[in-house]
file entry.cif (mmCIF, C-alpha atoms)
data_target
loop_
_atom_site.label_atom_id
_atom_site.label_comp_id
_atom_site.auth_asym_id
_atom_site.auth_seq_id
_atom_site.Cartn_x
_atom_site.Cartn_y
_atom_site.Cartn_z
CA MET A 1 -14.39 -2.31 -7.17
CA SER A 2 -13.86 -4.17 -10.43
CA THR A 3 -16.61 -4.06 -13.04
CA ASP A 4 -16.93 -4.91 -16.69
CA GLN A 5 -16.32 -1.24 -17.53
CA PRO A 6 -13.19 0.80 -16.73
CA ASN A 7 -13.47 2.88 -13.57
CA PRO A 8 -13.66 6.51 -14.79
CA ARG A 9 -12.29 7.71 -11.44
CA VAL A 10 -8.82 6.28 -11.96
CA ARG A 11 -6.14 5.73 -14.56
CA PRO A 12 -4.83 2.20 -15.14
CA VAL A 13 -1.71 1.29 -13.18
CA ARG A 14 1.20 0.32 -15.39
CA PRO A 15 4.48 -0.39 -13.57
CA VAL A 16 7.48 1.36 -15.07
CA ASP A 17 9.64 -1.10 -17.01
CA ALA A 18 8.30 -3.91 -14.84
CA ASP A 19 9.62 -6.66 -17.08
CA SER A 20 13.14 -5.26 -17.06
CA VAL A 21 13.48 -4.67 -13.33
CA ASP A 22 16.10 -6.92 -11.77
CA VAL A 23 15.94 -6.63 -8.00
CA PRO A 24 19.51 -6.96 -6.69
CA VAL A 25 19.17 -10.14 -4.69
CA ASP A 26 20.18 -13.71 -5.37
CA VAL A 27 16.84 -14.80 -6.84
CA PRO A 28 15.48 -12.97 -9.91
CA ALA A 29 12.06 -11.39 -9.73
CA ASP A 30 9.28 -13.51 -11.13
CA VAL A 31 6.94 -11.37 -13.21
CA PRO A 32 3.95 -13.52 -14.21
CA THR A 33 3.03 -13.60 -17.89
CA PRO A 34 -0.48 -12.20 -18.41
CA VAL A 35 -3.03 -14.81 -19.43
CA PRO A 36 -4.84 -13.81 -22.65
CA ASP A 37 -8.58 -13.28 -22.37
CA PRO A 38 -10.16 -15.89 -24.67
CA ALA A 39 -13.18 -13.62 -25.10
CA GLY A 40 -11.02 -10.73 -26.28
CA ASP A 41 -12.45 -7.22 -26.31
CA SER A 42 -15.97 -8.58 -26.65
CA ALA A 43 -16.05 -9.86 -23.08
CA THR A 44 -18.84 -8.25 -21.08
CA GLU A 45 -18.81 -10.22 -17.84
CA PRO A 46 -16.66 -8.98 -14.94
CA ASP A 47 -14.00 -11.35 -13.65
CA HIS A 48 -15.87 -11.59 -10.34
CA ASP A 49 -19.02 -10.38 -8.61
CA PRO A 50 -19.10 -6.58 -9.02
CA ASP A 51 -20.89 -6.28 -5.68
CA GLU A 52 -17.90 -7.81 -3.93
CA VAL A 53 -14.89 -5.68 -3.05
CA ARG A 54 -11.75 -7.80 -2.82
CA ILE A 55 -9.18 -6.18 -0.54
CA ALA A 56 -5.70 -7.66 -0.15
CA PHE A 57 -3.33 -6.66 2.64
CA LEU A 58 0.33 -7.55 2.14
CA LEU A 59 2.13 -9.01 5.15
CA PHE A 60 5.91 -9.23 5.64
CA PRO A 61 8.17 -9.55 8.69
CA ASP A 62 8.65 -6.48 10.89
CA LEU A 63 5.74 -4.53 9.47
CA THR A 64 4.20 -1.84 11.66
CA GLN A 65 0.98 -3.44 12.80
CA LEU A 66 -1.12 -0.27 12.97
CA ASP A 67 -0.24 0.43 9.33
CA LEU A 68 -2.21 -2.72 8.57
CA THR A 69 -4.71 -3.17 11.38
CA GLY A 70 -5.94 0.44 11.28
CA PRO A 71 -6.97 0.32 7.61
CA ALA A 72 -8.18 -3.27 8.02
CA GLN A 73 -10.57 -2.22 10.78
CA VAL A 74 -12.06 0.35 8.39
CA LEU A 75 -12.00 -1.45 5.06
CA SER A 76 -13.31 -4.75 6.42
CA ARG A 77 -16.56 -2.87 7.18
CA VAL A 78 -17.06 -1.63 3.62
CA PRO A 79 -20.24 -3.22 2.21
CA GLY A 80 -19.34 -6.26 0.16
CA ALA A 81 -15.74 -6.35 1.42
CA ARG A 82 -13.85 -9.62 1.25
CA VAL A 83 -10.51 -9.21 2.96
CA GLU A 84 -7.41 -11.36 2.49
CA TYR A 85 -4.10 -11.15 4.34
CA VAL A 86 -1.36 -12.21 1.94
CA ALA A 87 2.12 -13.42 2.86
CA ALA A 88 4.85 -15.64 1.49
CA THR A 89 3.57 -18.57 3.57
CA LEU A 90 0.72 -19.23 5.98
CA ASP A 91 3.07 -19.01 8.97
CA PRO A 92 2.39 -16.18 11.44
CA VAL A 93 4.17 -12.98 10.40
CA PRO A 94 5.97 -11.08 13.18
CA THR A 95 5.19 -7.37 13.53
CA ASP A 96 7.45 -4.69 14.98
CA CYS A 97 5.60 -4.57 18.29
CA GLY A 98 5.95 -8.12 19.54
CA PHE A 99 2.98 -10.06 18.21
CA ALA A 100 2.34 -11.85 14.93
CA LEU A 101 -0.41 -11.66 12.32
CA VAL A 102 -1.84 -14.77 10.67
CA PRO A 103 -2.12 -14.73 6.86
CA THR A 104 -5.22 -16.09 5.15
CA THR A 105 -3.56 -16.86 1.82
CA THR A 106 -0.17 -16.91 0.16
CA ILE A 107 1.38 -14.79 -2.56
CA ALA A 108 1.29 -17.82 -4.84
CA GLU A 109 -2.40 -18.53 -4.19
CA ALA A 110 -3.83 -15.00 -3.91
CA GLY A 111 -6.50 -14.10 -6.43
CA PRO A 112 -6.98 -10.70 -8.05
CA ALA A 113 -7.88 -7.84 -5.74
CA ASP A 114 -9.77 -4.61 -6.29
CA VAL A 115 -7.69 -2.92 -3.59
CA LEU A 116 -4.12 -3.67 -2.56
CA VAL A 117 -2.88 -2.25 0.76
CA VAL A 118 0.86 -2.29 1.51
CA PRO A 119 1.81 -1.40 5.10
CA GLY A 120 5.14 0.01 6.22
CA GLY A 121 7.64 -0.47 9.00
CA ASP A 122 11.34 -1.16 8.81
CA GLY A 123 10.46 -4.52 7.29
CA ALA A 124 9.25 -2.67 4.18
CA PHE A 125 12.86 -1.86 3.33
CA ASP A 126 13.67 -5.56 3.24
CA ALA A 127 10.40 -6.41 1.46
CA MET A 128 11.26 -4.01 -1.37
CA LEU A 129 14.34 -6.14 -2.07
CA ASP A 130 12.35 -9.39 -2.07
CA PRO A 131 11.63 -10.47 -5.67
CA GLU A 132 8.58 -12.50 -4.64
CA VAL A 133 7.02 -9.50 -2.92
CA ILE A 134 7.81 -7.14 -5.79
CA GLY A 135 6.47 -9.61 -8.34
CA PHE A 136 3.23 -9.88 -6.36
CA VAL A 137 2.81 -6.10 -6.10
CA ARG A 138 3.38 -5.67 -9.84
CA ARG A 139 0.91 -8.43 -10.62
CA GLU A 140 -1.80 -6.94 -8.43
CA ALA A 141 -1.13 -3.43 -9.72
CA GLU A 142 -1.94 -4.55 -13.24
CA ARG A 143 -5.46 -5.63 -12.28
CA ALA A 144 -6.44 -3.63 -9.16
CA THR A 145 -8.58 -0.51 -9.14
CA TRP A 146 -6.65 0.95 -6.22
CA VAL A 147 -3.04 0.35 -5.13
CA THR A 148 -2.39 1.89 -1.72
CA SER A 149 0.36 2.15 0.84
CA VAL A 150 0.64 3.29 4.42
CA CYS A 151 3.76 4.90 5.85
CA THR A 152 6.96 3.38 4.42
CA GLY A 153 4.96 0.85 2.43
CA ALA A 154 5.35 3.51 -0.27
CA PHE A 155 8.90 2.26 -0.78
CA VAL A 156 7.57 -1.16 -1.76
CA LEU A 157 5.42 0.54 -4.39
CA GLY A 158 8.47 2.48 -5.50
CA ALA A 159 10.56 -0.67 -5.84
CA ALA A 160 7.78 -2.16 -7.98
CA GLY A 161 8.07 0.79 -10.36
CA LEU A 162 4.73 2.34 -9.43
CA LEU A 163 5.82 5.77 -8.18
CA ALA A 164 7.87 7.14 -11.09
CA GLY A 165 6.36 10.49 -12.02
CA LYS A 166 3.79 10.20 -9.23
CA ARG A 167 3.00 12.46 -6.30
CA ALA A 168 3.39 10.40 -3.14
CA THR A 169 3.81 10.59 0.60
CA THR A 170 5.18 8.39 3.35
CA HIS A 171 6.47 8.68 6.93
CA TRP A 172 7.93 12.17 7.36
CA ALA A 173 11.36 10.87 8.40
CA SER A 174 11.85 8.92 5.16
CA LYS A 175 9.91 11.12 2.73
CA PRO A 176 12.91 12.72 0.96
CA MET A 177 14.13 9.26 -0.08
CA LEU A 178 11.04 8.76 -2.27
CA GLU A 179 12.78 10.88 -4.89
CA ALA A 180 15.12 7.95 -5.53
CA PHE A 181 12.18 6.20 -7.23
CA GLY A 182 11.26 9.18 -9.39
CA ALA A 183 8.40 10.19 -7.09
CA GLN A 184 7.47 13.72 -6.11
CA PRO A 185 7.27 13.77 -2.29
CA VAL A 186 4.20 15.60 -1.00
CA ASP A 187 3.53 16.73 2.56
CA ASP A 188 -0.19 15.86 2.49
CA ARG A 189 -1.52 13.16 4.80
CA ILE A 190 -3.23 11.34 1.91
CA VAL A 191 -2.07 11.62 -1.70
CA ASP A 192 -4.03 10.10 -4.58
CA ASP A 193 -2.41 10.18 -7.99
CA GLY A 194 -4.57 8.18 -10.35
CA ALA A 195 -4.97 4.66 -9.04
CA VAL A 196 -2.05 4.97 -6.63
CA VAL A 197 -2.87 6.24 -3.13
CA THR A 198 -0.22 6.77 -0.47
CA ALA A 199 -0.70 7.72 3.18
CA ALA A 200 1.73 9.37 5.56
CA GLY A 201 2.98 7.69 8.74
CA VAL A 202 1.20 4.94 10.66
CA SER A 203 -2.04 6.54 11.93
CA ALA A 204 -2.58 8.21 8.56
CA GLY A 205 -3.57 4.76 7.30
CA ILE A 206 -6.89 5.08 9.12
CA ASP A 207 -7.58 8.41 7.40
CA MET A 208 -6.65 6.93 4.04
CA ALA A 209 -8.91 3.93 4.61
CA LEU A 210 -11.88 6.17 5.44
CA TRP A 211 -11.22 8.21 2.30
CA LEU A 212 -11.04 5.01 0.28
CA ALA A 213 -14.20 3.65 1.92
CA ALA A 214 -16.00 6.75 0.64
CA GLU A 215 -14.64 6.14 -2.87
CA LEU A 216 -15.77 2.50 -2.75
CA ALA A 217 -19.14 2.80 -1.02
CA GLY A 218 -20.00 6.48 -0.76
CA GLN A 219 -19.45 9.06 1.97
CA PRO A 220 -22.47 8.07 4.11
CA ALA A 221 -21.14 4.52 4.37
CA ALA A 222 -17.67 5.81 5.25
CA GLU A 223 -19.07 8.15 7.88
CA ALA A 224 -21.01 5.25 9.38
CA ILE A 225 -17.78 3.26 9.63
CA GLN A 226 -16.01 6.20 11.30
CA LEU A 227 -18.81 6.36 13.85
CA GLN A 228 -18.76 2.59 14.40
CA ILE A 229 -15.08 2.65 15.30
CA GLU A 230 -15.51 5.98 17.17
CA TYR A 231 -12.58 7.47 15.32
CA ASP A 232 -12.45 10.90 16.95
CA PRO A 233 -8.76 11.59 17.74
CA GLN A 234 -8.15 13.89 20.71
CA PRO A 235 -4.49 13.37 21.68
CA PRO A 236 -3.29 14.80 25.01
CA PHE A 237 -0.61 16.90 23.26
CA ASP A 238 0.20 18.19 19.81
CA ALA A 239 3.45 16.53 18.75
CA GLY A 240 2.29 14.22 15.99
CA SER A 241 3.61 16.26 13.07
CA ALA A 242 7.17 17.05 12.03
CA GLU A 243 6.01 20.65 11.49
CA ARG A 244 5.00 21.02 15.15
CA ALA A 245 7.31 18.66 17.05
CA ASP A 246 10.62 19.75 18.57
CA ALA A 247 13.04 20.61 15.73
CA VAL A 248 15.98 18.82 17.35
CA VAL A 249 13.98 15.62 17.77
CA VAL A 250 12.82 15.83 14.16
CA ALA A 251 16.35 16.35 12.80
CA ARG A 252 17.76 13.44 14.80
CA ALA A 253 14.95 11.10 13.76
CA ARG A 254 15.30 11.98 10.07
CA ALA A 255 19.07 11.45 10.19
CA ALA A 256 18.60 8.09 11.93
CA ALA A 257 16.07 6.97 9.30
CA GLU A 258 18.37 7.90 6.44
CA ALA A 259 21.34 6.19 8.06
CA ALA A 260 19.38 2.99 8.65
CA ARG A 261 17.54 2.83 5.33
CA SER A 262 19.29 4.80 2.59
CA ASP A 263 21.52 1.93 1.50
CA ARG A 264 18.54 -0.36 0.90
CA VAL A 265 16.66 2.43 -0.87
CA THR A 266 19.63 3.03 -3.15
CA ARG A 267 19.82 -0.67 -4.07
CA ALA A 268 16.13 -0.92 -4.85
CA ALA A 269 16.01 2.36 -6.76
CA ALA A 270 19.00 1.39 -8.90
CA ALA A 271 17.12 -1.74 -9.97
CA VAL A 272 13.96 0.15 -10.94
CA LEU A 273 15.38 3.18 -12.67
CA LEU A 274 17.83 1.50 -15.03
#
call {"tool": "encode", "arguments": {"input": "entry.cif", "output": "structure tokens"}}
result
Amino acid sequence: MSTDQPNPRVRPVRPVDADSVDVPVDVPADVPTPVPDPAGDSATEPDHDPDEVRIAFLLFPDLTQLDLTGPAQVLSRVPGARVEYVAATLDPVPTDCGFALVPTTTIAEAGPADVLVVPGGDGAFDAMLDPEVIGFVRREAERATWVTSVCTGAFVLGAAGLLAGKRATTHWASKPMLEAFGAQPVDDRIVDDGAVVTAAGVSAGIDMALWLAAELAGQPAAEAIQLQIEYDPQPPFDAGSAERADAVVVARARAAAEAARSDRVTRAAAAVLL
């Protein structure tokens, strides 16, 4: 939540060499020039109602819908939440499971957010090479209290220069590739390093959102949300972790992820870590 005083819980997000990053695509990244505050350091009024929590979810083609809809179901219930779904245009955005999500605003029109949530999916590896997307993430990171990702959305944060020197997590099959962005991969389900919070694969986004709800509104409010959505996982078998699933299946999946995504990761990382 933005206020007129710095949030003592977090450190300011400052993208690494944001102005010098040149994403290797045909169109150069557009990094907006900050608008000077006419009131200078003497300003005492917040830039918006401090009782309102502005939460922006980034949409891009082929995102994994649960990466977005799970956290959205939680965070939209935070007291004072105002949620926006941000995409390049207002056209429906296809997900990786056959239906589309409808944006509420565009990257060009989106206002400042207190919380930015970046979902994953294979589309994240194309989004991290999109200069408009990366410019938006950098812009929001400069003014948000929390910058978060779910699953492979971490790679979008990495391409924006936000993970260098940070502890971070992502989907287990792609986690080793985070090192390309200067990140320290961590096996935890939720990793908070200053203002940057990353969640592991897909369903971990719900856990991250409940953790963040407690940071924003207090643990009782977060527990009430958990009860409202009856989030009480009891899967019929225990194969949801790479540590417990069949080793052959894990090895094949990790190899497939690296084969499908490593080239795009290398391109994006080369642009950030010049």
call {"tool": "closest_atom_pairs", "arguments": {"input": "entry.cif", "of": "stretch 119-204 of chain A", "to": "stretch 89-110 of chain A", "cutoff": "12 Å", "atoms": "all atoms listed in the file", "output": "CSV"}}
result
residue,atom,partner,partner_atom,distance
A:Pro119,CA,A:Thr95,CA,10.9
A:Gly120,CA,A:Asp96,CA,10.2
A:Gly121,CA,A:Asp96,CA,7.3
A:Asp122,CA,A:Asp96,CA,8.1
A:Gly123,CA,A:Asp96,CA,8.3
A:Ala124,CA,A:Asp96,CA,11.1
A:Pro131,CA,A:Ile107,CA,11.5
A:Glu132,CA,A:Ile107,CA,7.8
A:Val133,CA,A:Ile107,CA,7.7
A:Ile134,CA,A:Ile107,CA,10.5
A:Gly135,CA,A:Ile107,CA,9.3
A:Phe136,CA,A:Ile107,CA,6.5
A:Val137,CA,A:Ile107,CA,9.5
A:Arg138,CA,A:Ile107,CA,11.8
A:Arg139,CA,A:Ile107,CA,10.3
A:Glu140,CA,A:Ala110,CA,9.5
call {"tool": "resolve_selection", "arguments": {"input": "entry.cif", "expression": "the PyMOL selection byres ((chain A and resi 205) around 12)", "output": "ChimeraX atom specification"}}
result
/A:64-75,117-120,148-154,169-171,189-191,197-204,206-213
call {"tool": "residues_around", "arguments": {"input": "entry.cif", "residues": "A:Arg264", "least_positions_apart": "2", "cutoff": "8 Å", "atoms": "all atoms listed in the file", "output": "MDAnalysis selection string"}}
result
chainID A and resid 125:126 129 261:262 266:268
call {"tool": "atom_distance", "arguments": {"input": "entry.cif", "atom1": "atom CA of A:Pro112", "atom2": "atom CA of A:Ile55"}}
result
9.0 Å
call {"tool": "atom_distance", "arguments": {"input": "entry.cif", "atom1": "atom CA of A:Glu230", "atom2": "atom CA of A:Ala214"}}
result
16.6 Å
call {"tool": "closest_residue", "arguments": {"input": "entry.cif", "among": "A:Ser76, A:Gln234, A:Gln226, A:Gln184", "to": "A:Lys166", "atoms": "all atoms listed in the file"}}
result
A:Gln184
call {"tool": "residues_around", "arguments": {"input": "entry.cif", "residues": "A:Ala173", "least_positions_apart": "5", "cutoff": "7 Å", "atoms": "all atoms listed in the file", "output": "list in words"}}
result
Ala253, Arg254 and Ala257 of chain A
call {"tool": "closest_residue", "arguments": {"input": "entry.cif", "among": "A:Asp114, A:Glu179, A:Asp62, A:Asp188", "to": "A:Val265", "atoms": "only C-alpha atoms"}}
result
A:Glu179
call {"tool": "resolve_selection", "arguments": {"input": "entry.cif", "expression": "the PyMOL selection byres ((chain A and resi 181) around 12)", "output": "PyMOL selection string"}}
result
chain A and resi 15-16+128+154-168+175-180+182-185+265-274
call {"tool": "atom_distance", "arguments": {"input": "entry.cif", "atom1": "atom CA of A:Glu215", "atom2": "atom CA of A:Leu63"}}
result
26.1 Å
call {"tool": "closest_residue", "arguments": {"input": "entry.cif", "among": "A:Tyr85, A:Ala245, A:Ala251, A:Arg77", "to": "A:Ser174", "atoms": "all atoms listed in the file"}}
result
A:Ala251
call {"tool": "closest_residue", "arguments": {"input": "entry.cif", "among": "A:Ile229, A:Ala81, A:Trp172, A:Gly111", "to": "A:Ser241", "atoms": "all atoms listed in the file"}}
result
A:Trp172
call {"tool": "axis_aligned_box", "arguments": {"input": "entry.cif", "around": "stretch 141-151 of chain A", "padding_each_side": "5 Å", "output": "AutoDock Vina command-line options"}}
result
--center_x -2.4 --center_y -0.4 --center_z -3.7 --size_x 22.3 --size_y 20.5 --size_z 29.1
call {"tool": "residues_near_point", "arguments": {"input": "entry.cif", "point": "(-20.9, 0.7, 6.1)", "cutoff": "7 Å", "atoms": "all atoms listed in the file", "output": "number ranges by chain"}}
result
A: 77-79, 221-222, 224-225
